[in-house]
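Engineer: First the structure, which I've put down as structure tokens, then a few questions once you've had a look.
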Amino acid sequence: MYLFWQIVIGILAGYLAGKIMRGRGYGVLIDLLLGIVGSILGGIVFGILGLYAAGLIGRLVVATAGAVLLIYIARRLK
């Protein structure tokens, strides 16, 4: 069940990150996939910084921050 919620939060984070990072995007589907991977990246980055987010909203914020970071990196490499 945890994996299901992580995927759902990742999809929501990808959608939000796509809206935050306007401009020439990758499309809705790629933004959602980047959100799923970004949620993992956000958890790693926040863990390294020693920050912890509890609850659904906290996990959504962490995942969105990770997705924004991942989209930013992907656009710079493109």
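We name chains A, B, ... following the order of the structure tokens; residues begin at 1 in each chain, and ligands are numbered from 1 as shown.
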Among chain A, which ones does DSSP assign to alpha helix (DSSP H) (computed from the backbone)? Answer as a PyMOL selection string.

Structural biologist: chain A and resi 2-20+28-48+55-77

Engineer: May I have the residues within 8 Å of Val62 in chain A as a PyMOL selection string, using only C-alpha atoms and disregarding those fewer than 6 positions away in the same chain?

Structural biologist: chain A and resi 39+42-43+46+53

Engineer: Would you export the selected residues with N, CA and C atoms as a PDB file, in the first residue's frame, please?

Structural biologist:
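selection30.pdb written:
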```pdb
ATOM      1  N   SER A  39      10.075  12.384  -6.677  1.00  0.00           N
ATOM      2  CA  SER A  39       9.678  12.160  -5.289  1.00  0.00           C
ATOM      3  C   SER A  39      10.733  11.332  -4.555  1.00  0.00           C
ATOM      4  N   GLY A  42      13.648  13.786  -4.076  1.00  0.00           N
ATOM      5  CA  GLY A  42      13.341  14.713  -2.990  1.00  0.00           C
ATOM      6  C   GLY A  42      13.529  14.079  -1.623  1.00  0.00           C
ATOM      7  N   GLY A  43      13.111  12.827  -1.487  1.00  0.00           N
ATOM      8  CA  GLY A  43      13.306  12.116  -0.220  1.00  0.00           C
ATOM      9  C   GLY A  43      14.774  11.945   0.114  1.00  0.00           C
ATOM     10  N   PHE A  46      16.259  15.614   0.934  1.00  0.00           N
ATOM     11  CA  PHE A  46      15.812  16.075   2.249  1.00  0.00           C
ATOM     12  C   PHE A  46      16.416  15.236   3.360  1.00  0.00           C
ATOM     13  N   ALA A  53       9.700  15.181   6.617  1.00  0.00           N
ATOM     14  CA  ALA A  53       8.337  15.640   6.392  1.00  0.00           C
ATOM     15  C   ALA A  53       7.375  14.531   6.779  1.00  0.00           C
TER      16      ALA A  53
END
```

Engineer: Quote the spacing between CA of Val28 in chain A and CA of Val45 in chain A in Å to one decimal place.

Structural biologist: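 Computed distance, CA of Val28 in chain A to CA of Val45 in chain A, equals 24.4 Å.
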
Engineer: So that I can check the surroundings of range 63-69 of chain A, please list as a PDB file with C-alpha atoms, in the first residue's frame every protein, DNA and RNA residue that reaches within 9 Å of it, counting only C-alpha atoms and ignoring chain neighbours fewer than 3 positions away.

Structural biologist:
```pdb
ATOM      1  CA  ILE A   9       2.062  11.406  -4.487  1.00  0.00           C
ATOM      2  CA  GLY A  10       4.719  11.286  -7.211  1.00  0.00           C
ATOM      3  CA  LEU A  12       0.615  14.768  -8.031  1.00  0.00           C
ATOM      4  CA  ALA A  13       4.094  16.175  -7.485  1.00  0.00           C
ATOM      5  CA  GLY A  14       4.867  15.817 -11.186  1.00  0.00           C
ATOM      6  CA  TYR A  15       1.714  17.699 -12.076  1.00  0.00           C
ATOM      7  CA  LEU A  16       2.511  20.478  -9.609  1.00  0.00           C
ATOM      8  CA  ALA A  17       6.139  20.652 -10.726  1.00  0.00           C
ATOM      9  CA  GLY A  18       5.009  20.928 -14.347  1.00  0.00           C
ATOM     10  CA  ILE A  20       5.618  25.507 -11.322  1.00  0.00           C
ATOM     11  CA  MET A  21       8.281  25.013 -14.003  1.00  0.00           C
ATOM     12  CA  ASP A  31       6.118  15.436 -16.196  1.00  0.00           C
ATOM     13  CA  LEU A  34       9.550  12.864 -13.639  1.00  0.00           C
ATOM     14  CA  GLY A  35       7.355  13.502 -10.597  1.00  0.00           C
ATOM     15  CA  ILE A  36       7.538   9.873  -9.540  1.00  0.00           C
ATOM     16  CA  VAL A  37      11.328   9.810  -9.883  1.00  0.00           C
ATOM     17  CA  GLY A  38      11.546  13.299  -8.375  1.00  0.00           C
ATOM     18  CA  SER A  39       9.678  12.160  -5.289  1.00  0.00           C
ATOM     19  CA  ILE A  40      12.431   9.629  -4.667  1.00  0.00           C
ATOM     20  CA  LEU A  41      15.086  12.288  -5.348  1.00  0.00           C
ATOM     21  CA  GLY A  42      13.341  14.713  -2.990  1.00  0.00           C
ATOM     22  CA  GLY A  43      13.306  12.116  -0.220  1.00  0.00           C
ATOM     23  CA  ILE A  44      17.024  11.502  -0.680  1.00  0.00           C
ATOM     24  CA  VAL A  45      17.944  15.209  -0.772  1.00  0.00           C
ATOM     25  CA  PHE A  46      15.812  16.075   2.249  1.00  0.00           C
ATOM     26  CA  GLY A  58       4.709  17.025   3.985  1.00  0.00           C
ATOM     27  CA  ARG A  59       5.434  14.133   1.649  1.00  0.00           C
ATOM     28  CA  LEU A  60       3.760  16.035  -1.196  1.00  0.00           C
ATOM     29  CA  TYR A  72      15.363  21.817 -13.620  1.00  0.00           C
ATOM     30  CA  ILE A  73      18.325  19.446 -14.037  1.00  0.00           C
ATOM     31  CA  ALA A  74      16.722  17.751 -17.051  1.00  0.00           C
TER      32      ALA A  74
END
```

Engineer: With only C-alpha atoms as the basis for distance, which of A:Leu70, A:Ile57, A:Leu49, A:Leu77 is at the shortest distance from Leu32 in chain A?

Structural biologist: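 For Leu32 in chain A, the nearest of the candidates is A:Leu70.
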
Engineer: How many Å separate CA of Arg75 in chain A from CA of Gly50 in chain A?

Structural biologist: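 Separation between CA of Arg75 in chain A and CA of Gly50 in chain A: 27.2 Å.
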
Engineer: How many Å separate CA of Ala54 in chain A from CA of Val8 in chain A?

Structural biologist: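 Distance between the two atoms: 16.2 Å.
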